[in-house]
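Peer 1: Okay, handing you the structure first.
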Amino acid sequence: MILYSVLILFSGLAIGQQPAFYAEVNKNRVSVSDYVQLSFIIENGKGKNFKRPSLSDFDILNTQNYSSSSSANGRVTKKLSIIYLIKPRGAGKKTIGSAKVSINGKTYSTKPITIEAIAGKVQERHADKNHQNLPKKDVFVRAYLNKPTVYQGEQVLLTYKIFTRQGISNYSQPVSKFTGFWKEDIKTENPKVKRETINGLAYRTAIIKKVVLFPQKSGELKIPEAEMFVDLDVGFFNSKRVDLKSNPVKINVRSLPGIEIPEDYSGAVGQFELSSHINTTETKVDEAITLLVKIKGAGNLSLVDIPIVELPNDFEVYDPKVNESKSTRNNILSGTKSYEYLIIPRQEGVYKMKPVRFSYFDPKTKIYKTVSTQSYTLEIEGGGSSSKGSVSGISKDEVELLGKDILFIKTGDPALQLVNYTFFNSIPFFLLAGAPFLLFFGMFGLRYYQSNKKTDPDLARKRNALPMARKQLKQAKKLMAQPEDKPFYEAISMALWGYFSDRFGLQTHELSREFLEAKLVEQGINEGLSGRIMGLLDKCEMALYAPDIVSETRNSVYESSIKLIMEVENTKTG
Amino acid sequence: MKLKFLYMVLFLGVSVLSSGTSVMNKFEEANNAYSESEYDKSISLYLEILDTGYSSAHIYYNLGNAYYKAGEVAPSILYYEKALHLKPADSDILYNLKLANLRINDRVEPVKRSVLGAWFYRVLNGFTVRQWSWLTIGIFWISLIFGLGFIFLRKKTGRQVLFSMALLILIIGSISLGLTIYKDRTDKTVTEAVIFSANVYVKSEPASRSTDLFIIHEGLKVKTGEKIDGWTFIEIGAGKQGWVPDDSYEII
């Protein structure tokens with residue numbers, strides 16, 4: 001019931017310019033002898049056809065119209081209240097039904113309200129010693145979130161507010177479980193007491209607790225009802241302890257966008273600034289440098305990682321001293337986190353320190369942002385020869401070597417050579433490298449020329465004479481199988497003439513009986529052999545032109561041809 | 001002219017005898033200064049010899065020693081490297097260079113090569129271009145001896161053996177020539193340098209505004225490449241590369 005009234009109250013405020021229609025009562029627990037003020041309120045609109053619910057359980061004592069206008073945040077709200085003063089008929093729970101009205105052609109209706117009428121006086125109850133029956137609606141606690149939806153890691157404010165119609169002498173802090181959140185309490189000492197009227201019931205309210213929450217995971221997160229107690233004033237020096245439970249709260253946590261995440265992002269959400277200070281940029285080897293990096297802003301600072309100072313290995317950077325201070329202003333948790341780095345240069349030279357970077361997600365603009373400090377140039381002077389001793393990354397063997405001295409200089413002939421003279425690709429090189437080839441081909445050519453001089457064409461003919469004759473005789477042997485004599489004798493005479501002319505070097509014009517005879521003599525063939533040669537040649541000729549005269553068989557001609565040739569071949573000729 | 005040419009052919013790679021006495025005197029003087037721990041004096045004397053236009057592995061090595069003793073590591077590495085260019089496999093130079101390299105800040109992982117590749121580079125860098133040239137010439141001449149044997153021998157089987165021998169040696173000679181050419185190329189294109197500045201930021205581009213990639217220190221040997229507007233492209237070890245100012249190093 002109260003929830004309902006509160007909702008009405010808040011929705012009425014939230015709607016603003018929108019037309020609204022709702023019902024209110026000044027109290028919903030009432031003595032049968034008491035009155036209830038029932039109001040039907042039309043906001044921001046002209047109501048037509050107002051139809052009140054049947055109020056048969058009540059006596060209507062008075063009806064009244066009342067119009068008012070109020071402005072909040074520059075918005076003007078016009079109200080028309082139709083007020084009934086009613087009195088319950090007898091004890092018990094009585095329901096006021098829905099009223100209806102049409103505004104701008106649209107029908108609006110109120111929700112039913114239940115009134116509990118009690119026999120006897122309601123006032124008496126406060127004096128009643130039976131404290132257990134204290135009506136809960138006279139005091140209750142509510143939890144509110146300032147945003148219904150946040151990003152993971154974005155801060156959200158949870159407020160606990162107590163509503164009471166009775167005096168409170170003492171109260172405890174509401175206690176709840178915040179699983180899935182990282183929380184930071186905001187101090188709320190001496191809460192301000194305000195007056196608030198809900199459905200005509202006047203409450204004193206006070207914000208008793210504020211918590212800044214940072215959701216650590218996405219999804220719908222629940223904060224269970226908080227538990228607390230209040231000590232209610234009941235008469236002089238008397239108080240009654242009552243346990244209260246707030247409403248549970250739900251919050252919708254969105255995960256951070258997965259696009260354009262900076263590489264060095266480590267989970268900070270909020271709005272931040274980065275600054276740095278260095279005590280010196282010019283120093284000597286082994287003398288310390290102090291770098292202070294400050295991150296300032298609103299957000300989950302406690303969860304911010306240590307920023308990385310990027311320096312070459314020539315520096316030793318120690319883990320920073322971290323200082324954190326927090327403050328809450330306007331219900332926003334903000335603070336400063338400072339990192340003090342000790343840097344010791346180990347090597348001389350001029351070095352650049354890259355800007356220290358810090359990335360965070362800004363839930364207002366919904367993008368990731370990266371801020372960076374300025375970059376520093378560090379000029380390190382040498383600090384004497386001892387600095388050379390710092391060698392790193394060497395093996396065991398090398399450590400042993402490190403203690404040893406270099407080998408002595410070389411004396412004796414320094415073997416000087418011209419710096420700019422290159423032997424390769426020089427003329428002497430080509431000469432020396434090419435000479436073997438020239439020599440080889442020269443000698444080869446010479447040798448070839450010499451052997452060529454010895455071999456004349458006649459000699460080749462002579463060498464080829466026998467193989468040629470063999471070939472032709474083979475041909476003749478094949479022809480022996482044929483019936484005609486002519487081809488056979490032709491082949492035989494060709495073989496013989498060919499052989500002799502090649503063997504003895506006869507020229508074409510010398511191919512005649514006379515020339516051959518003379519040649520045979522000249523070559524020193526004995527007369528018997530030369531006579532048989534000539535005889536065989538004659539025989540062949542006769543067989544060609546006068547075949548009938550020849551008596552010898554072809555086979556004997558063939559045999560004697562071979563015999564003669566072999567005989568000539570075995571005779572040494574001049 | 002003719003005489004000079006003849007002289008060059010005959011005395012290549014052999015010590016230069018002219019002006020030898022004054023150089024020898026200076027060399028001994030410098031060595032004595034070194035022995036007496038007067039390193040600055042010996043440095044200047046060695047440098048005077050180099051100013052005459054002659055070089056020698058001995059002088060570079062001694063100069064490297066003198067710089068090392070004087071506490072200047074970067075120049076000592078420079079001169080040891082120069083000495084190695086003239087005598088690539090000299091164990092004394094290699095030993096002292098190793099010691100000098102222990103005194104610098106940067107440790108460069110050697111480029112990882114396959115067994116075959118490592119062997120190839122060991123052979124290739126085992127000789128200077130001049131030594132390779134002489135080796136090639138020698139092999140060609142040996143091949144010629146077999147070739148001549150092939151030409152003049154009458155026996156058929158002996159000729160065949162000699163011919164294949166000549167051909168085989170010629171192939172070896174050609175490989176040697178190829179290596180000579182390759183070594184000459186790499187020597188000319190891949191120049192090496194030693195960093196002389198105390199520390200240098202290696203840049204991603206030849207401009208001072210570009211990104212710093214990494215930092216190197218004096219005494220580190222780098223390979224140098226292209227040059228643009230006062231910037232030189234360098235490479236160290238396993239693929240790390242970038243640009244450094246021209247005045248930050250000395251060419252070996």
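Residue numbering restarts at 1 for every chain of the structure tokens, chains are lettered A, B, ... in their displayed order, and ligands are numbered from 1 as they appear.
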Show me, as a list of chain:residue names, the residues that have an atom within 9 Å of Phe500 of chain A when counting only C-alpha atoms, minus same-chain residues fewer than 6 positions from it.
Peer 2: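 Near Phe500 of chain A, the qualifying residues are A:Ala465, A:Leu506, A:Leu516, A:Ile565.
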Peer 1: Export N, CA, C and O atoms of the chosen residues as a tab-separated table (two decimals), in the first residue's frame?
Peer 2:
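As written to disk, result28.tsv reads:
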chain	number	residue	atom	x	y	z
A	465	ALA	N	89.16	-48.72	-97.15
A	465	ALA	CA	89.00	-49.59	-98.32
A	465	ALA	C	88.43	-50.96	-97.95
A	465	ALA	O	87.43	-51.40	-98.53
A	506	LEU	N	93.53	-44.48	-106.46
A	506	LEU	CA	93.26	-44.13	-107.85
A	506	LEU	C	92.25	-42.99	-107.92
A	506	LEU	O	91.29	-42.97	-107.15
A	516	LEU	N	95.19	-49.41	-113.46
A	516	LEU	CA	95.24	-50.29	-112.30
A	516	LEU	C	96.46	-51.19	-112.37
A	516	LEU	O	97.19	-51.35	-111.38
A	565	ILE	N	91.32	-60.05	-102.11
A	565	ILE	CA	91.34	-58.82	-101.30
A	565	ILE	C	92.18	-59.04	-100.05
A	565	ILE	O	93.01	-58.21	-99.69
Peer 1: Kindly assemble as a tab-separated table a list of the chain A residues that lie within 8 Å of chain B, each paired with its nearest atom pair and their distance in Å to one decimal, using only C-alpha atoms, sorted first by chain and then by ascending residue number.
Peer 2:
residue	atom	partner	partner_atom	distance
A:Pro312	CA	B:Ile215	CA	7.1
A:Glu348	CA	B:Ala198	CA	6.8
A:Gly349	CA	B:Ala198	CA	5.4
A:Val350	CA	B:Asn199	CA	7.0
A:Tyr351	CA	B:Asn199	CA	7.9
A:Lys388	CA	B:Arg103	CA	7.1
A:Gly389	CA	B:Arg103	CA	7.6
A:Val391	CA	B:Asn105	CA	6.1
A:Ser392	CA	B:Asn105	CA	7.2
A:Gly393	CA	B:Arg107	CA	6.9
A:Ile394	CA	B:Leu102	CA	7.7
A:Glu398	CA	B:Leu102	CA	7.4
A:Leu401	CA	B:Leu99	CA	6.8
A:Leu402	CA	B:Leu99	CA	6.7
A:Asp405	CA	B:Leu99	CA	8.0
A:Ile406	CA	B:Asn96	CA	5.3
A:Leu407	CA	B:Asn96	CA	6.4
A:Phe408	CA	B:Asn65	CA	7.6
A:Ile409	CA	B:Asn62	CA	5.0
A:Lys410	CA	B:His58	CA	5.9
A:Thr411	CA	B:Asn31	CA	7.0
A:Asp413	CA	B:Met24	CA	8.0
A:Pro414	CA	B:His58	CA	5.3
A:Ala415	CA	B:Ser15	CA	4.7
A:Leu416	CA	B:Ser56	CA	4.9
A:Gln417	CA	B:Tyr54	CA	5.3
A:Leu418	CA	B:Tyr54	CA	4.6
A:Val419	CA	B:Tyr54	CA	5.3
A:Asn420	CA	B:Gly53	CA	7.9
A:Thr422	CA	B:Arg130	CA	7.4
A:Phe423	CA	B:Arg130	CA	5.9
A:Phe424	CA	B:Ser133	CA	5.9
A:Pro428	CA	B:Val9	CA	5.9
A:Phe429	CA	B:Ser133	CA	7.4
A:Leu432	CA	B:Ile137	CA	6.3
A:Ala433	CA	B:Ile137	CA	4.8
A:Pro436	CA	B:Leu144	CA	5.4
A:Phe437	CA	B:Leu144	CA	7.2
A:Leu439	CA	B:Leu144	CA	7.7
A:Phe440	CA	B:Leu144	CA	6.2
A:Met443	CA	B:Leu148	CA	7.3
A:Phe444	CA	B:Ile151	CA	6.1
A:Arg447	CA	B:Ile151	CA	7.2
Peer 1: Considering only C-alpha atoms, state which residue in the set B:Tyr182, B:Trp231, B:Phe127, B:Tyr46 is at the smallest distance from Asp247 of chain B.
Peer 2: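 So, comparing all the options, the nearest one is B:Trp231.
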Peer 1: Excluding Asp59 of chain A and any residue of its chain fewer than 5 positions from it, enumerate the residues within 10 Å of it, using only C-alpha atoms, and give them as number ranges by chain.
Peer 2: A: 35, 84-89
Peer 1: So that I can check the surroundings of segment 154-159 of chain A, please list as a compact mmCIF listing (two decimals) with N, CA and C atoms, in the first residue's frame every protein, DNA and RNA residue that reaches within 6 Å of it, counting only C-alpha atoms and ignoring chain neighbours fewer than 4 positions away.
Peer 2:
# COMPACT_ATOMS: atom_id res chain seq x y z
N ALA A 143 15.81 1.82 -0.42
CA ALA A 143 17.11 1.95 -1.11
C ALA A 143 16.88 2.48 -2.52
N TYR A 144 17.70 3.44 -2.93
CA TYR A 144 17.58 4.01 -4.27
C TYR A 144 18.94 3.96 -4.97
N LEU A 145 18.91 3.76 -6.28
CA LEU A 145 20.13 3.90 -7.09
C LEU A 145 19.98 5.16 -7.91
N ASN A 146 21.06 5.89 -8.14
CA ASN A 146 20.94 7.12 -8.94
C ASN A 146 20.91 6.85 -10.43
N LYS A 209 22.38 6.54 4.77
CA LYS A 209 23.58 5.87 4.27
C LYS A 209 23.72 6.09 2.77
N LYS A 210 24.99 6.33 2.36
CA LYS A 210 25.29 6.42 0.93
C LYS A 210 26.48 5.53 0.65
N VAL A 211 26.36 4.76 -0.42
CA VAL A 211 27.45 3.87 -0.82
C VAL A 211 27.74 4.10 -2.30
N VAL A 212 29.00 4.29 -2.62
CA VAL A 212 29.38 4.33 -4.04
C VAL A 212 29.77 2.92 -4.44
N LEU A 213 29.12 2.42 -5.47
CA LEU A 213 29.35 1.05 -5.90
C LEU A 213 30.01 1.02 -7.27
N PHE A 214 30.93 0.10 -7.43
CA PHE A 214 31.57 -0.12 -8.74
C PHE A 214 31.30 -1.56 -9.14
N VAL A 269 37.57 3.15 -15.09
CA VAL A 269 36.36 3.73 -15.68
C VAL A 269 36.09 5.04 -14.95
Peer 1: Contacts of Glu81 of chain B at 8 Å or less, counting only C-alpha atoms, minus same-chain residues fewer than 3 places along, as a compact mmCIF listing (two decimals) with N, CA, C and O atoms, in the first residue's frame?
Peer 2:
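Contents of result_6.txt, as written:
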# COMPACT_ATOMS: atom_id res chain seq x y z
N ILE B 77 87.49 -2.17 -30.81
CA ILE B 77 86.69 -3.12 -31.60
C ILE B 77 86.79 -2.79 -33.08
O ILE B 77 86.97 -3.67 -33.92
N LEU B 78 86.74 -1.48 -33.38
CA LEU B 78 86.85 -1.06 -34.79
C LEU B 78 88.13 -1.59 -35.42
O LEU B 78 88.12 -2.18 -36.51
N LEU B 84 90.75 -8.11 -38.74
CA LEU B 84 90.13 -9.36 -39.18
C LEU B 84 89.82 -9.35 -40.67
O LEU B 84 89.84 -10.39 -41.31
N HIS B 85 89.53 -8.18 -41.20
CA HIS B 85 89.27 -8.10 -42.64
C HIS B 85 90.50 -8.50 -43.44
O HIS B 85 90.39 -9.01 -44.55
N LEU B 97 89.28 -9.64 -29.71
CA LEU B 97 88.00 -9.04 -30.08
C LEU B 97 86.89 -9.57 -29.16
O LEU B 97 86.01 -8.83 -28.73
N ILE B 252 84.05 0.12 -40.64
CA ILE B 252 85.22 -0.76 -40.44
C ILE B 252 86.04 -0.78 -41.73
O ILE B 252 85.51 -1.07 -42.79
Peer 1: Residues near segment 477-486 of chain A, anyone? I mean within 12 Å using only C-alpha atoms, not counting same-chain ones fewer than 2 positions away, as an mmCIF file with N, CA and C atoms, in the first residue's frame.
Peer 2:
data_model
loop_
_atom_site.group_PDB
_atom_site.id
_atom_site.type_symbol
_atom_site.label_atom_id
_atom_site.label_comp_id
_atom_site.auth_asym_id
_atom_site.auth_seq_id
_atom_site.Cartn_x
_atom_site.Cartn_y
_atom_site.Cartn_z
ATOM 1 N N ARG A 470 84.110 -55.078 -97.822
ATOM 2 C CA ARG A 470 83.355 -56.093 -97.085
ATOM 3 C C ARG A 470 81.857 -55.856 -97.195
ATOM 4 N N LYS A 471 81.527 -54.617 -97.047
ATOM 5 C CA LYS A 471 80.109 -54.246 -97.115
ATOM 6 C C LYS A 471 79.511 -54.617 -98.464
ATOM 7 N N GLN A 472 80.301 -54.273 -99.527
ATOM 8 C CA GLN A 472 79.780 -54.504 -100.885
ATOM 9 C C GLN A 472 79.733 -55.997 -101.218
ATOM 10 N N LEU A 473 80.705 -56.735 -100.706
ATOM 11 C CA LEU A 473 80.727 -58.180 -100.944
ATOM 12 C C LEU A 473 79.547 -58.855 -100.256
ATOM 13 N N LYS A 474 79.225 -58.345 -99.092
ATOM 14 C CA LYS A 474 78.061 -58.866 -98.376
ATOM 15 C C LYS A 474 76.808 -58.690 -99.226
ATOM 16 N N GLN A 475 76.755 -57.525 -99.850
ATOM 17 C CA GLN A 475 75.629 -57.215 -100.742
ATOM 18 C C GLN A 475 75.569 -58.250 -101.885
ATOM 19 N N PHE A 488 74.634 -59.644 -109.582
ATOM 20 C CA PHE A 488 75.701 -60.208 -108.782
ATOM 21 C C PHE A 488 77.061 -59.745 -109.278
ATOM 22 N N TYR A 489 77.271 -59.896 -110.574
ATOM 23 C CA TYR A 489 78.587 -59.532 -111.117
ATOM 24 C C TYR A 489 78.821 -58.041 -111.025
ATOM 25 N N GLU A 490 77.777 -57.308 -111.223
ATOM 26 C CA GLU A 490 77.905 -55.832 -111.076
ATOM 27 C C GLU A 490 78.414 -55.505 -109.678
ATOM 28 N N ALA A 491 77.802 -56.153 -108.658
ATOM 29 C CA ALA A 491 78.179 -55.879 -107.272
ATOM 30 C C ALA A 491 79.608 -56.293 -107.021
ATOM 31 N N ILE A 492 79.983 -57.468 -107.524
ATOM 32 C CA ILE A 492 81.336 -57.955 -107.308
ATOM 33 C C ILE A 492 82.340 -57.005 -107.941
ATOM 34 N N SER A 493 82.071 -56.591 -109.198
ATOM 35 C CA SER A 493 83.052 -55.726 -109.866
ATOM 36 C C SER A 493 83.116 -54.365 -109.175
ATOM 37 N N ALA A 495 82.665 -53.851 -105.978
ATOM 38 C CA ALA A 495 83.422 -54.051 -104.739
ATOM 39 C C ALA A 495 84.903 -54.094 -105.042
ATOM 40 N N CYS A 540 84.722 -60.957 -114.474
ATOM 41 C CA CYS A 540 83.497 -60.248 -114.098
ATOM 42 C C CYS A 540 82.953 -59.466 -115.282
ATOM 43 N N GLU A 541 83.830 -58.826 -116.010
ATOM 44 C CA GLU A 541 83.406 -58.015 -117.144
ATOM 45 C C GLU A 541 82.752 -58.870 -118.226
ATOM 46 N N MET A 542 83.417 -60.035 -118.421
ATOM 47 C CA MET A 542 82.862 -60.954 -119.430
ATOM 48 C C MET A 542 81.486 -61.426 -119.001
ATOM 49 N N ALA A 543 81.406 -61.812 -117.762
ATOM 50 C CA ALA A 543 80.116 -62.300 -117.247
ATOM 51 C C ALA A 543 79.027 -61.256 -117.421
ATOM 52 N N LEU A 544 79.413 -59.981 -117.426
ATOM 53 C CA LEU A 544 78.413 -58.908 -117.586
ATOM 54 C C LEU A 544 77.982 -58.775 -119.023
ATOM 55 N N TYR A 545 78.973 -58.852 -119.925
ATOM 56 C CA TYR A 545 78.628 -58.563 -121.319
ATOM 57 C C TYR A 545 78.442 -59.817 -122.172
ATOM 58 N N ALA A 546 79.117 -60.922 -121.792
ATOM 59 C CA ALA A 546 78.900 -62.171 -122.527
ATOM 60 C C ALA A 546 78.730 -63.301 -121.529
ATOM 61 N N PRO A 547 77.601 -63.341 -120.920
ATOM 62 C CA PRO A 547 77.410 -64.265 -119.809
ATOM 63 C C PRO A 547 77.631 -65.748 -120.177
ATOM 64 N N ASP A 548 77.345 -66.136 -121.424
ATOM 65 C CA ASP A 548 77.387 -67.565 -121.783
ATOM 66 C C ASP A 548 78.784 -68.148 -121.702
ATOM 67 N N VAL A 550 81.141 -67.559 -119.625
ATOM 68 C CA VAL A 550 81.669 -67.823 -118.284
ATOM 69 C C VAL A 550 81.216 -69.191 -117.802
ATOM 70 N N GLU A 552 82.637 -70.528 -114.761
ATOM 71 C CA GLU A 552 82.753 -70.628 -113.300
ATOM 72 C C GLU A 552 81.449 -70.256 -112.602
ATOM 73 N N THR A 553 81.254 -70.858 -111.477
ATOM 74 C CA THR A 553 80.041 -70.532 -110.710
ATOM 75 C C THR A 553 80.220 -69.192 -109.984
ATOM 76 N N ARG A 554 79.072 -68.653 -109.651
ATOM 77 C CA ARG A 554 79.109 -67.358 -108.955
ATOM 78 C C ARG A 554 79.825 -67.498 -107.611
ATOM 79 N N ASN A 555 79.604 -68.649 -106.999
ATOM 80 C CA ASN A 555 80.191 -68.840 -105.675
ATOM 81 C C ASN A 555 81.721 -68.795 -105.715
ATOM 82 N N SER A 556 82.311 -69.439 -106.722
ATOM 83 C CA SER A 556 83.769 -69.457 -106.787
ATOM 84 C C SER A 556 84.311 -68.061 -107.064
ATOM 85 N N VAL A 557 83.537 -67.258 -107.858
ATOM 86 C CA VAL A 557 83.949 -65.860 -108.111
ATOM 87 C C VAL A 557 83.969 -65.095 -106.791
ATOM 88 N N TYR A 558 82.941 -65.299 -106.035
ATOM 89 C CA TYR A 558 82.826 -64.591 -104.741
ATOM 90 C C TYR A 558 83.979 -64.973 -103.818
ATOM 91 N N GLU A 559 84.216 -66.294 -103.727
ATOM 92 C CA GLU A 559 85.278 -66.783 -102.850
ATOM 93 C C GLU A 559 86.624 -66.216 -103.258
ATOM 94 N N SER A 561 87.210 -63.551 -104.893
ATOM 95 C CA SER A 561 87.269 -62.092 -104.653
ATOM 96 C C SER A 561 87.771 -61.835 -103.247
ATOM 97 N N ILE A 562 87.151 -62.547 -102.287
ATOM 98 C CA ILE A 562 87.551 -62.355 -100.884
ATOM 99 C C ILE A 562 89.011 -62.728 -100.703
#
Peer 1: Gly219 of chain B: which residues within 6 Å, counting only C-alpha atoms, same-chain residues fewer than 5 positions away excluded, as a PyMOL selection string?
Peer 2: chain B and resi 74+104+194-195
Peer 1: Between A:Thr205, A:Ser451, A:Thr281, A:Thr149, which is the closest to Thr164 of chain A once you count only C-alpha atoms?
Peer 2: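 Closest to Thr164 of chain A, using only C-alpha atoms: A:Thr205.
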Peer 1: Just the strand (DSSP E) stuff from segment 190-334 of chain A, please, per backbone DSSP, written as a PyMOL selection string.
Peer 2: chain A and resi 194-198+201-215+219-223+227-233+239-245+249-254+270-278+282-284+289-299+315-317+321-329+332-334
